[in-house]
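Source file: work-v4.txt. Holds: compact mmCIF, C-alpha atoms.
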```
# COMPACT_ATOMS: atom_id res chain seq x y z
CA MET A 930 -85.87 17.70 17.04
CA ALA A 931 -87.47 20.51 15.08
CA SER A 932 -90.37 22.36 16.70
CA THR A 933 -94.01 21.98 15.69
CA HIS A 934 -95.93 23.98 13.05
CA ALA A 935 -93.03 23.59 10.62
CA PHE A 936 -95.18 22.39 7.69
CA PRO A 937 -98.14 23.73 5.72
CA PHE A 938 -100.24 20.97 7.34
CA ARG A 939 -100.50 19.40 10.78
CA PHE A 940 -97.49 17.11 10.95
CA GLY A 941 -98.24 14.01 13.00
CA THR A 942 -97.65 10.42 13.96
CA THR A 943 -99.19 7.73 16.18
CA SER A 944 -99.46 7.34 19.94
CA TYR A 945 -97.22 4.25 19.78
CA ILE A 946 -93.70 5.46 19.04
CA ILE A 947 -91.92 4.57 22.27
CA PRO A 948 -92.70 1.23 23.99
CA ASP A 949 -94.98 2.69 26.63
CA GLU A 950 -98.55 3.79 27.23
CA ILE A 951 -100.34 6.73 25.60
CA ILE A 952 -99.46 9.49 28.06
CA PRO A 953 -95.68 8.88 27.95
CA ASN A 954 -95.88 8.76 24.15
CA VAL A 955 -97.73 12.08 24.01
CA GLU A 956 -95.22 13.58 26.46
CA PHE A 957 -92.41 12.40 24.18
CA LEU A 958 -94.05 13.71 21.00
CA LYS A 959 -95.59 16.96 22.27
CA ASP A 960 -92.91 19.26 20.85
CA ARG A 961 -92.10 17.11 17.83
CA VAL A 962 -95.46 16.98 16.04
CA ASP A 963 -98.70 18.95 15.66
CA ASP A 964 -101.13 16.02 15.76
CA ILE A 965 -101.05 12.61 17.42
CA GLU A 966 -103.19 9.72 16.21
CA LEU A 967 -104.70 8.06 19.26
CA VAL A 968 -104.97 4.35 18.49
CA LEU A 969 -107.57 3.14 20.99
CA PHE A 970 -108.95 -0.32 21.61
CA GLU A 971 -110.77 -2.33 24.22
CA SER A 972 -111.23 -6.09 24.52
CA ASP A 973 -111.95 -8.67 27.20
CA GLU A 974 -108.22 -9.18 27.63
CA PHE A 975 -106.83 -5.65 27.35
CA SER A 976 -107.83 -2.02 27.10
CA ASN A 977 -105.80 1.13 26.50
CA LEU A 978 -108.72 3.55 26.87
CA PRO A 979 -107.62 6.62 28.81
CA CYS A 980 -109.24 7.24 32.20
CA ARG A 981 -110.77 10.60 33.08
CA ASP A 982 -107.48 11.85 34.58
CA ASP A 983 -105.61 10.79 31.42
CA ILE A 984 -108.09 12.69 29.24
CA GLY A 985 -107.49 15.74 31.41
CA ARG A 986 -103.73 15.37 30.99
CA LEU A 987 -104.05 14.92 27.22
CA SER A 988 -106.16 18.06 27.08
CA ASP A 989 -103.64 20.04 29.15
CA ILE A 990 -100.73 18.96 26.94
CA ALA A 991 -102.71 19.88 23.84
CA ASP A 992 -103.47 23.33 25.23
CA GLU A 993 -99.85 23.99 26.16
CA TYR A 994 -98.28 22.74 22.93
CA GLY A 995 -100.98 23.45 20.36
CA LEU A 996 -101.60 19.75 19.70
CA SER A 997 -104.60 18.11 18.13
CA TYR A 998 -105.57 14.44 18.23
CA SER A 999 -106.82 12.34 15.34
CA VAL A 1000 -108.75 9.53 16.99
CA HIS A 1001 -108.68 6.17 15.24
CA LEU A 1002 -111.99 4.45 15.89
CA PRO A 1003 -111.69 0.78 16.90
CA LEU A 1004 -110.31 -1.58 14.28
CA ASP A 1005 -112.84 -4.24 15.34
CA ALA A 1006 -115.79 -1.96 14.62
CA TYR A 1007 -117.45 -3.46 11.54
CA LEU A 1008 -119.88 -0.75 10.51
CA GLY A 1009 -120.83 -2.52 7.28
CA HIS A 1010 -121.42 -5.95 8.84
CA SER A 1011 -124.31 -7.96 7.42
CA ASP A 1012 -125.56 -8.85 10.90
CA ARG A 1013 -127.55 -6.07 12.58
CA THR A 1014 -126.44 -7.08 16.09
CA GLU A 1015 -122.78 -6.83 15.07
CA ARG A 1016 -123.38 -3.44 13.47
CA LEU A 1017 -125.08 -2.11 16.59
CA LYS A 1018 -122.20 -3.37 18.74
CA SER A 1019 -119.78 -1.64 16.38
CA VAL A 1020 -121.73 1.61 16.47
CA GLU A 1021 -121.68 1.49 20.26
CA LYS A 1022 -117.92 0.89 20.34
CA CYS A 1023 -117.40 3.97 18.18
CA ARG A 1024 -119.90 6.07 20.12
CA LYS A 1025 -118.09 5.23 23.37
CA ILE A 1026 -114.73 6.38 21.95
CA ILE A 1027 -116.28 9.59 20.58
CA GLU A 1028 -117.84 10.37 23.95
CA LEU A 1029 -114.61 9.57 25.81
CA THR A 1030 -112.47 11.85 23.64
CA ARG A 1031 -114.98 14.69 23.32
CA PRO A 1032 -113.07 16.96 25.75
CA LEU A 1033 -110.00 16.80 23.48
CA PRO A 1034 -109.19 18.95 20.45
CA VAL A 1035 -110.06 16.22 17.93
CA SER A 1036 -108.95 16.82 14.35
CA ALA A 1037 -110.81 13.78 12.97
CA PHE A 1038 -112.30 10.42 13.82
CA VAL A 1039 -110.49 8.04 11.46
CA THR A 1040 -113.09 5.50 10.38
CA HIS A 1041 -112.85 2.10 8.67
CA ALA A 1042 -115.68 0.86 6.48
CA GLU A 1043 -115.42 -2.91 6.86
CA ALA A 1044 -117.83 -5.82 6.71
CA GLY A 1045 -116.28 -8.14 9.29
CA LEU A 1046 -113.09 -9.81 10.41
CA GLY A 1047 -111.32 -11.22 7.36
CA VAL A 1048 -114.17 -10.33 4.99
CA ASP A 1049 -112.77 -9.37 1.57
CA ILE A 1050 -115.04 -6.71 0.08
CA ASN A 1051 -113.24 -7.13 -3.26
CA LEU A 1052 -115.06 -10.47 -3.62
CA PHE A 1053 -118.52 -8.95 -3.28
CA SER A 1054 -120.87 -8.90 -6.25
CA GLU A 1055 -122.18 -5.54 -7.46
CA ASP A 1056 -125.29 -6.09 -5.36
CA GLY A 1057 -123.12 -7.09 -2.41
CA VAL A 1058 -121.12 -3.87 -2.67
CA ALA A 1059 -124.34 -1.85 -2.80
CA ARG A 1060 -125.66 -3.69 0.27
CA PHE A 1061 -122.41 -3.15 2.17
CA SER A 1062 -122.44 0.54 1.27
CA ASP A 1063 -126.03 0.90 2.47
CA LEU A 1064 -125.30 -0.83 5.78
CA PHE A 1065 -122.30 1.42 6.35
CA TRP A 1066 -124.53 4.43 5.61
CA GLN A 1067 -126.99 3.22 8.24
CA SER A 1068 -124.25 2.81 10.86
CA ILE A 1069 -122.75 6.24 10.27
CA ASN A 1070 -126.20 7.81 10.26
CA GLN A 1071 -126.86 6.18 13.63
CA LEU A 1072 -123.57 7.58 14.97
CA LEU A 1073 -124.51 11.03 13.75
CA LYS A 1074 -127.82 10.76 15.62
CA THR A 1075 -126.37 9.38 18.88
CA SER A 1076 -123.06 11.24 19.23
CA GLU A 1077 -121.98 14.86 19.19
CA ALA A 1078 -119.61 14.30 16.28
CA SER A 1079 -120.33 16.18 13.08
CA ALA A 1080 -120.36 14.45 9.70
CA SER A 1081 -117.13 16.09 8.54
CA GLU A 1082 -115.28 14.80 11.62
CA PHE A 1083 -115.65 11.23 10.35
CA ALA A 1084 -112.73 10.66 7.96
CA VAL A 1085 -113.30 7.36 6.13
CA GLU A 1086 -110.06 5.61 5.24
CA THR A 1087 -108.88 4.13 1.96
CA LEU A 1088 -108.33 0.42 2.62
CA ASN A 1089 -107.74 -2.67 0.46
CA TYR A 1090 -110.76 -2.24 -1.84
CA PRO A 1091 -111.58 0.47 -4.40
CA TYR A 1092 -112.65 3.64 -2.60
CA VAL A 1093 -115.37 4.17 -5.19
CA PHE A 1094 -117.26 1.38 -3.36
CA ILE A 1095 -117.74 3.63 -0.32
CA TRP A 1096 -117.45 7.10 -1.83
CA PRO A 1097 -121.22 7.50 -2.38
CA VAL A 1098 -121.72 7.25 1.40
CA VAL A 1099 -118.90 9.69 2.13
CA ASP A 1100 -120.29 12.13 -0.40
CA ASP A 1101 -123.96 11.76 0.55
CA LEU A 1102 -123.46 12.21 4.30
CA GLY A 1103 -120.83 14.94 4.01
CA LEU A 1104 -118.07 12.84 5.56
CA SER A 1105 -114.35 13.43 5.11
CA VAL A 1106 -111.61 11.21 3.72
CA THR A 1107 -108.54 9.65 5.29
CA LEU A 1108 -106.34 9.22 2.24
CA ASP A 1109 -103.93 6.47 3.21
CA VAL A 1110 -101.26 6.77 0.55
CA GLY A 1111 -99.35 3.90 2.13
CA HIS A 1112 -102.33 1.63 1.48
CA LEU A 1113 -102.54 2.91 -2.09
CA GLU A 1114 -98.91 1.87 -2.57
CA LEU A 1115 -99.39 -1.51 -0.87
CA TYR A 1116 -102.51 -2.48 -2.85
CA GLY A 1117 -101.51 -0.94 -6.15
CA PHE A 1118 -104.18 1.76 -6.42
CA PRO A 1119 -103.27 4.81 -8.55
CA LEU A 1120 -101.99 7.63 -6.33
CA GLU A 1121 -102.49 10.47 -8.80
CA ASP A 1122 -106.11 9.50 -9.45
CA HIS A 1123 -106.89 9.41 -5.73
CA LEU A 1124 -105.25 12.77 -5.11
CA LYS A 1125 -107.27 14.26 -7.96
CA GLU A 1126 -110.59 12.72 -6.91
CA TYR A 1127 -110.46 12.90 -3.12
CA LEU A 1128 -107.91 15.43 -1.85
CA HIS A 1129 -110.55 18.16 -1.74
CA ARG A 1130 -112.40 16.14 0.92
CA THR A 1131 -109.31 14.77 2.66
CA LYS A 1132 -108.99 15.72 6.31
CA VAL A 1133 -106.22 13.21 7.11
CA ILE A 1134 -103.31 11.81 5.10
CA HIS A 1135 -101.77 8.53 6.32
CA ILE A 1136 -98.32 7.81 4.99
CA HIS A 1137 -95.92 4.93 5.67
CA GLY A 1138 -93.42 2.86 3.81
CA VAL A 1139 -93.96 -0.58 2.30
CA ARG A 1140 -91.16 -3.08 2.76
CA GLU A 1141 -91.25 -6.72 1.65
CA GLY A 1142 -95.04 -6.58 1.31
CA LYS A 1143 -95.55 -5.08 4.77
CA ASP A 1144 -96.82 -1.57 5.43
CA HIS A 1145 -96.33 0.87 8.33
CA ASN A 1146 -92.57 1.07 7.87
CA SER A 1147 -90.31 4.13 7.82
CA LEU A 1148 -90.87 6.68 5.07
CA ASP A 1149 -87.43 5.64 3.82
CA PHE A 1150 -89.43 2.84 2.15
CA TYR A 1151 -92.05 5.09 0.57
CA PRO A 1152 -91.20 5.79 -3.10
CA SER A 1153 -89.55 9.16 -3.61
CA SER A 1154 -91.60 9.86 -6.76
CA ALA A 1155 -94.83 9.18 -4.88
CA MET A 1156 -93.71 11.47 -2.07
CA ASP A 1157 -93.07 14.15 -4.70
CA SER A 1158 -96.66 13.76 -5.90
CA VAL A 1159 -98.16 13.86 -2.41
CA LEU A 1160 -96.24 16.96 -1.34
CA ALA A 1161 -96.90 18.73 -4.64
CA ALA A 1162 -100.62 18.08 -4.26
CA LEU A 1163 -100.61 19.34 -0.68
CA GLN A 1164 -98.76 22.45 -1.74
CA ALA A 1165 -101.19 23.07 -4.60
CA SER A 1166 -104.20 22.59 -2.30
CA PRO A 1167 -103.03 24.00 1.03
CA ASP A 1168 -105.03 23.43 4.20
CA PRO A 1169 -103.31 24.22 7.52
CA ASP A 1170 -105.84 22.03 9.36
CA ARG A 1171 -105.23 18.94 7.23
CA VAL A 1172 -103.41 16.23 9.20
CA PHE A 1173 -100.38 14.43 7.77
CA THR A 1174 -99.86 11.31 9.88
CA MET A 1175 -96.73 9.21 9.60
CA GLU A 1176 -98.54 5.99 10.56
CA ILE A 1177 -95.59 4.16 12.05
CA PHE A 1178 -95.04 2.44 15.37
CA SER A 1179 -91.41 2.58 16.48
CA LEU A 1180 -88.85 5.16 17.52
CA ASP A 1181 -86.38 4.19 14.80
CA ASP A 1182 -89.07 4.57 12.12
CA PHE A 1183 -90.19 7.87 13.63
CA ASN A 1184 -86.68 9.30 13.71
CA SER A 1185 -85.80 8.29 10.15
CA SER A 1186 -89.20 9.42 8.82
CA SER A 1187 -89.01 12.76 10.63
CA ASP A 1188 -85.50 13.34 9.30
CA LEU A 1189 -86.71 12.66 5.77
CA MET A 1190 -89.70 14.99 6.15
CA HIS A 1191 -87.64 17.84 7.56
CA GLU A 1192 -85.27 17.47 4.64
CA ARG A 1193 -88.26 17.57 2.30
CA ARG A 1194 -89.61 20.63 4.10
CA ARG A 1195 -87.03 22.80 2.40
CA GLY A 1196 -88.85 22.33 -0.88
CA LEU A 1197 -92.31 23.19 0.44
```

When written as structure tokens, how does the structure in this file appear?
Amino acid sequence: MASTHAFPFRFGTTSYIIPDEIIPNVEFLKDRVDDIELVLFESDEFSNLPCRDDIGRLSDIADEYGLSYSVHLPLDAYLGHSDRTERLKSVEKCRKIIELTRPLPVSAFVTHAEAGLGVDINLFSEDGVARFSDLFWQSINQLLKTSEASASEFAVETLNYPYVFIWPVVDDLGLSVTLDVGHLELYGFPLEDHLKEYLHRTKVIHIHGVREGKDHNSLDFYPSSAMDSVLAALQASPDPDRVFTMEIFSLDDFNSSSDLMHERRRGL
């Protein structure tokens, strides 16, 4: 496989490419990518949080291979939840992950702005959207006060609702953007508009193919014309620290996506 630092951005993927735990995945990927998205979670039934020795090993690998880690904050952290107790629990979940990964070279903390499990923000009234936005602002502000993470390290992701709902918080607090162009494709949001409006604040790109209504597939299933637009925008607004994450979760998808990207590299 081609060596790292082959692109005008930090070429990356997730910590779940081979069917194993985080350390073996990082060992497998260490000379194939520049950045690895650590997908971390903890529940009553299962946890994949690295122990202190694992953090040390991740740090050593990063030092040797020039890796960075984009840390995906927990998916069950609902920072815009209407219930204060749930928000505080979510803030604490995120704070714990930030503290755990602080010794690592973290490129970004990928952050979801969500209101609760299964809650569709698209159904909120205008007042409801404003309330959700304010509650998310409060949660992030609390994280900024209680963790060592800087505002720009929080990269708030485009999800299944219009990003304009949450942009005022991102802009006001000086946060960054995770522009998930796979989500834009899945939910039918205009790619060109998002590149124009948000690329200047984008710290992380997430890209993945959509197949039969399901996302996180090989880039073979991401439209070629959309890929043209993404790569052209990245070339026109270069940032060697920006992370380009192929957000996929299998070896077959990684191999086919990497092959496609290295073919595309010739035009960059």

Checklist line | Given all atoms listed in the file as the counted atoms, nearest of A:Arg939, A:His1041, A:His1001, A:Arg986 to A:Val955 | finding: A:Arg986

Check: Could you state the separation of atom CA of A:Gly941 and atom CA of A:Thr1040 in Å, given to one decimal place?
Finding: 17.3 Å

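If all atoms listed in the file are the atoms counted, then among A:Tyr994, A:Phe1178, A:Phe1083, A:Tyr1007 the closest residue to A:Val1133 is A:Phe1083.
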
Next item on the list: May I have the residues within 10 Å of A:Asp1181 as a count of residues only, using all atoms listed in the file and disregarding those fewer than 3 positions away in the same chain?
Entry: 10

Item checked: Nearby residues (only C-alpha atoms) at most 8 Å from A:His1135, same-chain spacing under 2 positions excluded, as a PyMOL selection string -> chain A and resi 1107-1111+1133+1137+1173-1176

Check: Do you know which residues are at most 9 Å from A:Phe1118 counting all atoms listed in the file, after dropping those on the same chain fewer than 5 positions away, and could you put them as a list in words?
Finding: Asn1089, Tyr1090, Pro1091, His1112, Leu1113 and His1123 of chain A

Next item on the list: Write out as a list in words the residues lying within 10 Å of A:Val1172, counting only C-alpha atoms and excluding same-chain residues fewer than 3 positions away.
Entry: Pro937, Phe938, Arg939, Phe940, Gly941, Thr942, Asp963, Asp964, Ile965, Glu966, Ser997, Tyr998, Ser999, Ser1036, Ala1037, Thr1107, Thr1131, Lys1132, Val1133, Ile1134, His1135, Asp1168, Pro1169 and Met1175 of chain A

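The shortest atom-to-atom distance to A:Val1159, with only C-alpha atoms taken into account, belongs to A:Leu1128 out of A:Leu1128, A:Leu1064, A:Ile1095, A:Val1048.
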
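A straight line drawn from atom CA of A:Asn1051 to atom CA of A:His1010 is 14.7 Å long.
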
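One distance worth recording is that between atom CA of A:Phe970 and atom CA of A:Ala1078, which is 18.9 Å.
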
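Of the listed residues A:Asp992, A:Glu1126, A:Glu1141, A:Glu1043, the one whose atoms come nearest to A:Arg1016 is A:Glu1043, with distances taken using only C-alpha atoms.
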
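The residue that comes closest to A:Asp1144, out of A:Leu1115, A:Asp1122, A:Trp1066, A:His1129 and on the basis of all atoms listed in the file, is A:Leu1115.
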
Checklist line | A:Lys959, A:Lys1125, A:His934, A:His1191 ranked by distance to A:Leu1148, top pick (using only C-alpha atoms) | finding: A:His1191
